[in-house]
>>> print(open('structure_39.pdb').read())   # PDB, C-alpha atoms and all ligand atoms
ATOM      1  CA  MET A  21     153.321  48.800  86.151
ATOM      2  CA  GLY A  22     149.839  47.793  87.263
ATOM      3  CA  LYS A  23     150.383  49.375  90.707
ATOM      4  CA  VAL A  24     151.568  52.739  89.302
ATOM      5  CA  ARG A  25     148.583  53.023  87.015
ATOM      6  CA  GLN A  26     146.251  52.178  89.899
ATOM      7  CA  SER A  27     147.708  54.822  92.251
ATOM      8  CA  ARG A  28     147.553  57.423  89.490
ATOM      9  CA  PHE A  29     143.922  56.489  88.986
ATOM     10  CA  LEU A  30     143.276  56.842  92.739
ATOM     11  CA  ALA A  31     144.951  60.290  92.823
ATOM     12  CA  LYS A  32     142.777  61.458  89.957
ATOM     13  CA  LYS A  33     139.664  60.188  91.756
ATOM     14  CA  ARG A  34     140.678  62.002  94.937
ATOM     15  CA  LEU A  35     141.231  65.249  93.022
ATOM     16  CA  ILE A  36     137.756  65.040  91.472
ATOM     17  CA  ALA A  37     136.252  64.386  94.891
ATOM     18  CA  THR A  38     138.094  67.403  96.355
ATOM     19  CA  ILE A  39     136.909  69.705  93.562
ATOM     20  CA  ALA A  40     133.330  68.449  93.888
ATOM     21  CA  LEU A  41     133.389  68.945  97.652
ATOM     22  CA  SER A  42     134.810  72.476  97.464
ATOM     23  CA  MET A  43     132.253  73.416  94.826
ATOM     24  CA  LEU A  44     129.504  72.133  97.116
ATOM     25  CA  VAL A  45     130.902  74.192  99.993
ATOM     26  CA  MET A  46     131.080  77.320  97.794
ATOM     27  CA  LEU A  47     127.525  76.781  96.560
ATOM     28  CA  THR A  48     126.319  76.461 100.143
ATOM     29  CA  VAL A  49     128.112  79.670 101.112
ATOM     30  CA  VAL A  50     126.594  81.550  98.155
ATOM     31  CA  LEU A  51     123.127  80.195  98.991
ATOM     32  CA  LEU A  52     123.482  81.244 102.641
ATOM     33  CA  MET A  53     124.627  84.718 101.551
ATOM     34  CA  LEU A  54     121.619  85.096  99.257
ATOM     35  CA  LEU A  55     119.285  83.980 102.034
ATOM     36  CA  GLY A  56     120.925  86.420 104.417
ATOM     37  CA  LEU A  57     120.549  89.294 102.001
ATOM     38  CA  GLY A  58     116.901  88.401 101.504
ATOM     39  CA  ILE A  59     117.307  88.142  97.745
ATOM     40  CA  PHE A  60     116.160  84.574  97.873
ATOM     41  CA  SER A  61     113.681  83.199 100.364
ATOM     42  CA  LEU A  62     112.428  79.811 101.371
ATOM     43  CA  PRO A  63     108.681  79.306 101.106
ATOM     44  CA  MET A  64     107.047  79.711 104.523
ATOM     45  CA  SER A  65     103.705  78.297 105.589
ATOM     46  CA  GLY A  66     101.633  80.669 103.476
ATOM     47  CA  ASP A  67      98.397  81.493 105.299
ATOM     48  CA  ASN A  68      99.651  83.685 108.116
ATOM     49  CA  SER A  69     102.453  85.493 106.336
ATOM     50  CA  SER A  70     100.465  87.694 103.949
ATOM     51  CA  SER A  71      97.516  89.125 105.871
ATOM     52  CA  TYR A  72      99.390  90.516 108.856
ATOM     53  CA  ASP A  73     102.675  91.204 107.122
ATOM     54  CA  LEU A  74     103.006  94.961 107.516
ATOM     55  CA  SER A  75     105.866  95.229 105.050
ATOM     56  CA  SER A  76     103.588  93.998 102.281
ATOM     57  CA  TYR A  77     100.945  96.455 103.490
ATOM     58  CA  ARG A  78     103.485  99.234 103.119
ATOM     59  CA  ARG A  79     104.025  98.202  99.543
ATOM     60  CA  MET A  80     100.272  98.249  98.966
ATOM     61  CA  ALA A  81      99.906 101.623 100.612
ATOM     62  CA  SER A  82     102.593 103.125  98.427
ATOM     63  CA  LYS A  83     100.460 102.208  95.439
ATOM     64  CA  ARG A  84      97.460 103.953  97.018
ATOM     65  CA  GLY A  85      95.815 106.709  95.091
ATOM     66  CA  ARG A  86      96.972 105.343  91.792
ATOM     67  CA  GLY A  87      94.388 105.026  89.127
ATOM     68  CA  LEU A  88      93.461 106.689  85.920
ATOM     69  CA  GLY A  89      94.162 110.415  85.540
ATOM     70  CA  ASN A  90      94.833 113.179  88.036
ATOM     71  CA  ARG A  91      92.414 113.639  90.943
ATOM     72  CA  GLY A  92      93.598 117.040  92.101
ATOM     73  CA  ASP A  93      93.094 118.204  95.715
ATOM     74  CA  GLN A  94      91.094 115.840  97.887
ATOM     75  CA  TRP A  95      89.338 116.616 101.123
ATOM     76  CA  ALA A  96      86.509 115.209 103.201
ATOM     77  CA  GLU A  97      83.498 116.895 104.727
ATOM     78  CA  VAL A  98      81.179 115.628 107.472
ATOM     79  CA  LEU A  99      77.641 116.297 106.234
ATOM     80  CA  SER A 100      75.669 114.738 109.052
ATOM     81  CA  TRP A 101      75.899 112.306 111.959
ATOM     82  CA  GLU A 102      72.236 111.299 111.687
ATOM     83  CA  PRO A 103      72.468 109.723 109.171
ATOM     84  CA  ARG A 104      76.235 109.288 109.112
ATOM     85  CA  ALA A 105      77.068 110.955 105.811
ATOM     86  CA  PHE A 106      80.409 112.193 104.474
ATOM     87  CA  LEU A 107      81.425 113.889 101.258
ATOM     88  CA  TYR A 108      84.760 113.097  99.616
ATOM     89  CA  HIS A 109      85.797 115.803  97.177
ATOM     90  CA  ASN A 110      87.626 114.726  93.998
ATOM     91  CA  PHE A 111      87.308 111.066  94.889
ATOM     92  CA  LEU A 112      87.401 110.103  91.207
ATOM     93  CA  SER A 113      89.352 111.767  88.420
ATOM     94  CA  LYS A 114      87.583 113.208  85.384
ATOM     95  CA  GLU A 115      89.109 110.377  83.329
ATOM     96  CA  GLU A 116      87.706 107.726  85.702
ATOM     97  CA  CYS A 117      84.226 109.294  85.534
ATOM     98  CA  GLU A 118      84.339 109.388  81.739
ATOM     99  CA  TYR A 119      85.613 105.808  81.619
ATOM    100  CA  LEU A 120      82.737 104.480  83.750
ATOM    101  CA  ILE A 121      80.168 106.260  81.591
ATOM    102  CA  LYS A 122      81.820 105.023  78.404
ATOM    103  CA  ILE A 123      81.813 101.342  79.352
ATOM    104  CA  ALA A 124      78.294 101.474  80.869
ATOM    105  CA  LYS A 125      76.560 103.466  78.140
ATOM    106  CA  PRO A 126      75.979 100.648  75.597
ATOM    107  CA  LEU A 127      74.593  98.362  78.339
ATOM    108  CA  MET A 128      72.063 100.635  80.077
ATOM    109  CA  LYS A 129      68.639  99.213  80.918
ATOM    110  CA  LYS A 130      65.620 100.754  82.574
ATOM    111  CA  SER A 131      66.159 100.592  86.343
ATOM    112  CA  SER A 132      64.129  98.298  88.500
ATOM    113  CA  VAL A 133      63.753  97.979  92.246
ATOM    114  CA  VAL A 134      64.047  94.838  94.326
ATOM    115  CA  ASP A 135      60.656  93.333  95.234
ATOM    116  CA  SER A 136      60.621  92.904  98.989
ATOM    117  CA  LYS A 137      58.356  89.834  98.763
ATOM    118  CA  THR A 138      60.082  87.805  96.064
ATOM    119  CA  GLY A 139      63.549  89.368  95.977
ATOM    120  CA  LYS A 140      63.206  89.690  92.204
ATOM    121  CA  SER A 141      63.730  92.866  90.221
ATOM    122  CA  LYS A 142      60.626  94.736  89.173
ATOM    123  CA  ASP A 143      59.798  97.892  87.227
ATOM    124  CA  SER A 144      58.958 100.885  89.268
ATOM    125  CA  ARG A 145      57.537 104.351  89.091
ATOM    126  CA  VAL A 146      59.546 105.505  92.107
ATOM    127  CA  ARG A 147      62.748 104.913  90.158
ATOM    128  CA  THR A 148      62.759 106.129  86.580
ATOM    129  CA  SER A 149      66.462 106.084  85.757
ATOM    130  CA  SER A 150      68.359 103.556  83.661
ATOM    131  CA  GLY A 151      71.316 101.571  84.897
ATOM    132  CA  MET A 152      73.609  98.555  84.700
ATOM    133  CA  PHE A 153      75.968  96.584  86.928
ATOM    134  CA  LEU A 154      79.700  96.190  86.384
ATOM    135  CA  ARG A 155      81.502  93.091  87.619
ATOM    136  CA  ARG A 156      83.613  93.485  90.755
ATOM    137  CA  GLY A 157      87.249  93.718  89.682
ATOM    138  CA  GLN A 158      86.173  93.744  86.042
ATOM    139  CA  ASP A 159      89.364  95.510  84.956
ATOM    140  CA  LYS A 160      92.335  97.361  86.436
ATOM    141  CA  ILE A 161      90.649 100.782  86.439
ATOM    142  CA  ILE A 162      87.553  99.449  88.186
ATOM    143  CA  SER A 163      89.503  97.442  90.749
ATOM    144  CA  ASP A 164      91.612 100.558  91.540
ATOM    145  CA  ILE A 165      88.370 102.464  92.203
ATOM    146  CA  GLU A 166      87.053  99.591  94.329
ATOM    147  CA  LYS A 167      90.259  99.508  96.383
ATOM    148  CA  ARG A 168      89.890 103.253  96.959
ATOM    149  CA  ILE A 169      86.272 102.798  98.077
ATOM    150  CA  ALA A 170      87.438 100.136 100.544
ATOM    151  CA  GLU A 171      90.126 102.432 101.952
ATOM    152  CA  TYR A 172      87.771 105.393 102.393
ATOM    153  CA  SER A 173      84.837 103.392 103.772
ATOM    154  CA  PHE A 174      86.876 100.930 105.899
ATOM    155  CA  MET A 175      84.821  98.130 104.312
ATOM    156  CA  PRO A 176      86.772  95.316 102.583
ATOM    157  CA  VAL A 177      86.436  95.029  98.793
ATOM    158  CA  GLU A 178      84.878  91.562  99.230
ATOM    159  CA  HIS A 179      81.879  93.077 101.069
ATOM    160  CA  GLY A 180      80.869  95.181  98.074
ATOM    161  CA  GLU A 181      78.432  94.479  95.284
ATOM    162  CA  GLY A 182      79.597  95.223  91.750
ATOM    163  CA  LEU A 183      79.454  98.919  90.874
ATOM    164  CA  GLN A 184      76.150 100.105  89.487
ATOM    165  CA  VAL A 185      76.197 102.914  86.937
ATOM    166  CA  LEU A 186      73.047 105.047  86.716
ATOM    167  CA  HIS A 187      71.788 107.609  84.251
ATOM    168  CA  TYR A 188      69.032 110.148  84.966
ATOM    169  CA  GLU A 189      67.714 112.335  82.176
ATOM    170  CA  VAL A 190      65.542 115.433  82.621
ATOM    171  CA  GLY A 191      62.556 114.532  84.821
ATOM    172  CA  GLN A 192      64.033 111.245  86.027
ATOM    173  CA  LYS A 193      64.378 110.630  89.763
ATOM    174  CA  TYR A 194      64.497 108.099  92.556
ATOM    175  CA  ASP A 195      61.942 108.679  95.318
ATOM    176  CA  PRO A 196      63.183 108.480  98.932
ATOM    177  CA  HIS A 197      63.933 104.920 100.025
ATOM    178  CA  PHE A 198      66.236 102.903 102.258
ATOM    179  CA  ASP A 199      69.209 100.942 100.957
ATOM    180  CA  TYR A 200      68.763  98.360 103.713
ATOM    181  CA  PHE A 201      66.305  95.521 103.282
ATOM    182  CA  LEU A 202      63.204  94.926 105.359
ATOM    183  CA  ASP A 203      62.821  91.306 104.267
ATOM    184  CA  THR A 204      64.909  88.213 104.922
ATOM    185  CA  PHE A 205      65.199  87.086 101.289
ATOM    186  CA  ASN A 206      67.560  89.866 100.279
ATOM    187  CA  ILE A 207      69.918  89.515 103.212
ATOM    188  CA  ARG A 208      70.717  85.858 102.525
ATOM    189  CA  LYS A 209      73.752  86.891 100.482
ATOM    190  CA  GLY A 210      76.194  89.045 102.437
ATOM    191  CA  GLY A 211      73.711  90.066 105.125
ATOM    192  CA  GLN A 212      72.255  93.556 105.428
ATOM    193  CA  ARG A 213      73.484  96.459 103.313
ATOM    194  CA  MET A 214      75.569  98.549 105.649
ATOM    195  CA  ALA A 215      76.998 101.460 103.688
ATOM    196  CA  THR A 216      76.723 103.106 100.291
ATOM    197  CA  MET A 217      79.323 105.016  98.298
ATOM    198  CA  LEU A 218      77.549 107.172  95.741
ATOM    199  CA  MET A 219      79.884 108.708  93.166
ATOM    200  CA  TYR A 220      78.840 111.551  90.891
ATOM    201  CA  LEU A 221      80.174 111.096  87.368
ATOM    202  CA  THR A 222      78.847 114.395  85.989
ATOM    203  CA  ASP A 223      77.846 117.846  87.166
ATOM    204  CA  VAL A 224      74.116 118.568  86.871
ATOM    205  CA  GLU A 225      73.067 122.077  85.889
ATOM    206  CA  GLU A 226      69.858 122.023  87.888
ATOM    207  CA  GLY A 227      68.160 119.467  90.144
ATOM    208  CA  GLY A 228      69.334 115.882  90.573
ATOM    209  CA  GLU A 229      70.380 116.450  94.188
ATOM    210  CA  THR A 230      70.676 113.543  96.599
ATOM    211  CA  ILE A 231      68.466 114.318  99.586
ATOM    212  CA  PHE A 232      68.095 112.898 103.070
ATOM    213  CA  PRO A 233      64.588 114.013 104.112
ATOM    214  CA  SER A 234      64.920 112.584 107.645
ATOM    215  CA  ALA A 235      68.357 114.027 108.463
ATOM    216  CA  LYS A 236      68.590 115.623 111.898
ATOM    217  CA  GLY A 237      69.577 119.256 112.136
ATOM    218  CA  ASN A 238      68.972 122.450 110.221
ATOM    219  CA  VAL A 239      69.037 121.379 106.572
ATOM    220  CA  SER A 240      68.907 124.973 105.309
ATOM    221  CA  ASN A 241      72.214 125.607 107.002
ATOM    222  CA  VAL A 242      74.263 124.461 103.995
ATOM    223  CA  PRO A 243      76.326 126.940 101.917
ATOM    224  CA  TRP A 244      74.671 125.739  98.675
ATOM    225  CA  TRP A 245      71.077 126.241  99.927
ATOM    226  CA  ASP A 246      70.226 128.949  97.362
ATOM    227  CA  GLU A 247      71.313 126.739  94.446
ATOM    228  CA  LEU A 248      68.984 123.863  95.380
ATOM    229  CA  SER A 249      65.831 122.865  93.494
ATOM    230  CA  LYS A 250      62.452 122.813  95.247
ATOM    231  CA  CYS A 251      62.878 119.064  95.827
ATOM    232  CA  GLY A 252      66.435 119.617  97.042
ATOM    233  CA  LYS A 253      65.135 121.852  99.840
ATOM    234  CA  LYS A 254      63.081 119.008 101.302
ATOM    235  CA  GLY A 255      66.037 117.547 103.135
ATOM    236  CA  LEU A 256      69.768 117.600 103.638
ATOM    237  CA  ALA A 257      70.908 117.938 100.021
ATOM    238  CA  VAL A 258      74.090 117.088  98.140
ATOM    239  CA  LYS A 259      74.575 118.666  94.748
ATOM    240  CA  PRO A 260      76.055 116.328  92.135
ATOM    241  CA  LYS A 261      79.577 117.328  91.182
ATOM    242  CA  MET A 262      81.792 115.301  88.869
ATOM    243  CA  GLY A 263      84.303 113.221  90.858
ATOM    244  CA  ASN A 264      82.735 113.767  94.290
ATOM    245  CA  ALA A 265      81.613 110.782  96.357
ATOM    246  CA  LEU A 266      78.987 110.603  99.077
ATOM    247  CA  LEU A 267      79.489 107.907 101.703
ATOM    248  CA  PHE A 268      76.552 107.196 103.979
ATOM    249  CA  TRP A 269      75.673 104.424 106.403
ATOM    250  CA  SER A 270      72.391 102.522 106.453
ATOM    251  CA  MET A 271      73.251 101.134 109.869
ATOM    252  CA  LYS A 272      74.006 102.895 113.115
ATOM    253  CA  PRO A 273      77.199 102.201 115.055
ATOM    254  CA  ASP A 274      75.213  99.738 117.180
ATOM    255  CA  ALA A 275      74.562  97.700 113.981
ATOM    256  CA  THR A 276      70.817  98.301 113.870
ATOM    257  CA  VAL A 277      69.312  99.802 110.721
ATOM    258  CA  ASP A 278      69.197 103.605 110.611
ATOM    259  CA  PRO A 279      65.847 105.088 109.463
ATOM    260  CA  SER A 280      67.481 108.514 109.134
ATOM    261  CA  SER A 281      69.381 107.120 106.116
ATOM    262  CA  LEU A 282      66.205 107.557 104.029
ATOM    263  CA  HIS A 283      67.374 109.189 100.792
ATOM    264  CA  GLY A 284      66.326 109.933  97.247
ATOM    265  CA  GLY A 285      67.459 111.421  93.955
ATOM    266  CA  CYS A 286      65.636 114.623  93.006
ATOM    267  CA  PRO A 287      64.346 114.972  89.430
ATOM    268  CA  VAL A 288      66.899 116.363  87.014
ATOM    269  CA  ILE A 289      65.672 119.754  85.802
ATOM    270  CA  LYS A 290      68.469 120.714  83.457
ATOM    271  CA  GLY A 291      71.349 118.571  82.202
ATOM    272  CA  ASN A 292      72.202 114.909  82.567
ATOM    273  CA  LYS A 293      73.039 113.014  85.729
ATOM    274  CA  TRP A 294      75.386 110.033  85.727
ATOM    275  CA  SER A 295      76.309 108.366  88.993
ATOM    276  CA  SER A 296      77.811 105.137  90.244
ATOM    277  CA  THR A 297      76.890 103.281  93.410
ATOM    278  CA  LYS A 298      78.744 100.748  95.535
ATOM    279  CA  TRP A 299      76.661  98.925  98.125
ATOM    280  CA  MET A 300      78.569  97.345 100.954
ATOM    281  CA  HIS A 301      77.257  94.516 103.104
ATOM    282  CA  VAL A 302      77.801  93.345 106.656
ATOM    283  CA  ASN A 303      79.461  90.146 105.352
ATOM    284  CA  GLU A 304      81.325  89.157 102.221
ATOM    285  CA  TYR A 305      79.059  89.436  99.244
TER     286      TYR A 305
HETATM  287  C1  LIG B 401      68.631 127.317 109.952
HETATM  288  O1  LIG B 401      69.775 127.910 109.316
HETATM  289  C2  LIG B 401      69.463 129.069 108.567
HETATM  290  C3  LIG B 401      70.724 129.505 107.816
HETATM  291  O2  LIG B 401      71.860 129.539 108.649
HETATM  292  C4  LIG B 401      68.927 130.146 109.522
HETATM  293  O3  LIG B 401      68.584 131.307 108.798
HETATM  294  C5  LIG B 401      67.686 129.607 110.227
HETATM  295  O4  LIG B 401      67.247 130.522 111.191
HETATM  296  C6  LIG B 401      68.011 128.262 110.901
HETATM  297  N1  LIG B 401      66.776 127.704 111.432
HETATM  298  C7  LIG B 401      66.674 127.227 112.667
HETATM  299  C8  LIG B 401      65.356 126.632 113.030
HETATM  300  O5  LIG B 401      67.611 127.243 113.456
END
>>> encode(input="structure_39.pdb", output="structure tokens")
Amino acid sequence: MGKVRQSRFLAKKRLIATIALSMLVMLTVVLLMLLGLGIFSLPMSGDNSSSYDLSSYRRMASKRGRGLGNRGDQWAEVLSWEPRAFLYHNFLSKEECEYLIKIAKPLMKKSSVVDSKTGKSKDSRVRTSSGMFLRRGQDKIISDIEKRIAEYSFMPVEHGEGLQVLHYEVGQKYDPHFDYFLDTFNIRKGGQRMATMLMYLTDVEEGGETIFPSAKGNVSNVPWWDELSKCGKKGLAVKPKMGNALLFWSMKPDATVDPSSLHGGCPVIKGNKWSSTKWMHVNEY
């Protein structure tokens, strides 16, 4: 009796072991299939997989151009090679322009300029606009715009300062100046300013042009010459148009500063000028 019960017990044990083993085998097979199909992946050593993984770049690129609203037809225009200046038409949508103005409006302060001796902000008569800074990546709409700026300027997002939003009313202007710094204080963070993306958030009925007084070439040879204000005729001029963006470089291709990048904002004669600026540095900012 004792022997029969024992062998029955052993058979039962063997059966359980067989079931457990076959389940383990099946689980392994399923796991291998999932791995093979790429549905499930083992974590790899992280640091080299993301930055040079072109498949993830493809996914990013397919999201390109997204953002608020419809931007319509986009095209680029070479304005000048000295300074290097390019105009991107319909860079921002109307909705994006209106959004930037809406979030900046309650926070506008009288603009200052950076003191080249102390690095501190100071009031100025050469710059009479009002403005404010947004935080980099402050929200989805802003980070979409910043990604677009990076793609069109070939400068990584991390090299940019936060967007500045500016407002010029009738009579307000910004006298010609350089965006690069002539002191060492201001280049401690991120190094020299290398490029600027200046986005126009509104049309301006009269005046408010961006001018490059030291641009090489025949500045009267632009199709919009007759529409320019007296100030606008003092250099290569860009008329503000909602959604357009002006990219120019404060440094030459040899990485020295470019004095031909001298530029200013002409006084607004009629209307209101809203713009937004992204300064990009040599290093991460
Ligand atoms: C500059 O361009 C304008 C318009 O095309 C032309 O009338 C003028 O003669 C040009 N000036 C020079 C110095 O080439």
>>> closest_atom_pairs(input="structure_39.pdb", of="chain A", to="ligand LIG 401 (chain B)", cutoff="10 Å", atoms="only C-alpha atoms and all ligand atoms", output="CSV")
residue,atom,partner,partner_atom,distance
A:Gly237,CA,B:LIG401,O5,8.3
A:Asn238,CA,B:LIG401,C1,4.9
A:Val239,CA,B:LIG401,C1,6.8
A:Ser240,CA,B:LIG401,O1,5.0
A:Asn241,CA,B:LIG401,O1,4.1
A:Val242,CA,B:LIG401,C3,7.3
A:Pro243,CA,B:LIG401,O2,8.5
A:Trp245,CA,B:LIG401,C3,8.5
>>> residues_near_point(input="structure_39.pdb", point="(65.5, 97.7, 110.4)", cutoff="9 Å", atoms="all atoms listed in the file", output="PyMOL selection string")
chain A and resi 200-202+271+276-279
>>> write_last_selection(input="structure_39.pdb", atoms="C-alpha atoms", output="PDB file, in the frame of the given file")
ATOM      1  CA  TYR A 200      68.763  98.360 103.713  1.00  0.00           C
ATOM      2  CA  PHE A 201      66.305  95.521 103.282  1.00  0.00           C
ATOM      3  CA  LEU A 202      63.204  94.926 105.359  1.00  0.00           C
ATOM      4  CA  MET A 271      73.251 101.134 109.869  1.00  0.00           C
ATOM      5  CA  THR A 276      70.817  98.301 113.870  1.00  0.00           C
ATOM      6  CA  VAL A 277      69.312  99.802 110.721  1.00  0.00           C
ATOM      7  CA  ASP A 278      69.197 103.605 110.611  1.00  0.00           C
ATOM      8  CA  PRO A 279      65.847 105.088 109.463  1.00  0.00           C
TER       9      PRO A 279
END
>>> closest_residue(input="structure_39.pdb", among="A:Ser141, A:Thr38, A:Asn303, A:Ser131", to="Gly210 (chain A)", atoms="all atoms listed in the file")
A:Asn303
>>> residues_around(input="structure_39.pdb", residues="Ile123 (chain A)", least_positions_apart="4", cutoff="10 Å", atoms="only C-alpha atoms", output="ChimeraX atom specification")
/A:118-119,127-128,154,185
>>> axis_aligned_box(input="structure_39.pdb", around="region 249-261 of chain A", padding_each_side="5 Å", output="JSON")
{"center_x": 71.0, "center_y": 119.6, "center_z": 97.4, "size_x": 27.1, "size_y": 16.5, "size_z": 22.5}
>>> closest_residue(input="structure_39.pdb", among="A:Leu35, A:Leu267, A:Arg168, A:Ser296", to="Pro103 (chain A)", atoms="all atoms listed in the file")
A:Leu267
>>> closest_residue(input="structure_39.pdb", among="A:Phe29, A:Tyr188, A:Phe205, A:Trp299", to="Phe268 (chain A)", atoms="only C-alpha atoms")
A:Trp299
>>> atom_distance(input="structure_39.pdb", atom1="CA of Glu166 (chain A)", atom2="CA of Ala265 (chain A)")
12.6 Å
>>> resolve_selection(input="structure_39.pdb", expression="the PyMOL selection byres (((chain A and resi 146) around 6) and not hetatm)", output="JSON, numbers by chain")
{"A": [144, 145, 147, 194, 195]}
>>> atom_distance(input="structure_39.pdb", atom1="CA of Glu189 (chain A)", atom2="CA of Leu266 (chain A)")
20.4 Å
>>> closest_residue(input="structure_39.pdb", among="A:Lys236, A:Lys261, A:Arg155, A:Lys32", to="Lys114 (chain A)", atoms="all atoms listed in the file")
A:Lys261
>>> closest_residue(input="structure_39.pdb", among="A:Val50, A:Met152, A:Ala170, A:Met262", to="Phe111 (chain A)", atoms="all atoms listed in the file")
A:Met262
>>> closest_residue(input="structure_39.pdb", among="A:Lys272, A:Lys193, A:Arg91, A:Lys130", to="Glu229 (chain A)", atoms="all atoms listed in the file")
A:Lys193
>>> atom_distance(input="structure_39.pdb", atom1="CA of Gln192 (chain A)", atom2="CA of Ser163 (chain A)")
29.4 Å
>>> resolve_selection(input="structure_39.pdb", expression="the PyMOL selection byres (((chain A and resi 255) around 6) and not hetatm)", output="PyMOL selection string")
chain A and resi 231-233+239+253-254+256-257
>>> residues_around(input="structure_39.pdb", residues="His197 (chain A)", least_positions_apart="4", cutoff="9 Å", atoms="all atoms listed in the file", output="PyMOL selection string")
chain A and resi 281-284
>>> residues_around(input="structure_39.pdb", residues="Trp294 (chain A)", least_positions_apart="2", cutoff="6 Å", atoms="only C-alpha atoms", output="PyMOL selection string")
chain A and resi 186-187+221-222
>>> resolve_selection(input="structure_39.pdb", expression="the PyMOL selection byres (((chain A and resi 89) around 8) and not hetatm)", output="list of chain:residue names")
A:Gly87, A:Leu88, A:Asn90, A:Arg91, A:Ser113, A:Lys114, A:Glu115, A:Glu116
>>> write_last_selection(input="structure_39.pdb", atoms="C-alpha atoms", output="PDB file, keeping the file's coordinate frame")
ATOM      1  CA  GLY A  87      94.388 105.026  89.127  1.00  0.00           C
ATOM      2  CA  LEU A  88      93.461 106.689  85.920  1.00  0.00           C
ATOM      3  CA  ASN A  90      94.833 113.179  88.036  1.00  0.00           C
ATOM      4  CA  ARG A  91      92.414 113.639  90.943  1.00  0.00           C
ATOM      5  CA  SER A 113      89.352 111.767  88.420  1.00  0.00           C
ATOM      6  CA  LYS A 114      87.583 113.208  85.384  1.00  0.00           C
ATOM      7  CA  GLU A 115      89.109 110.377  83.329  1.00  0.00           C
ATOM      8  CA  GLU A 116      87.706 107.726  85.702  1.00  0.00           C
TER       9      GLU A 116
END
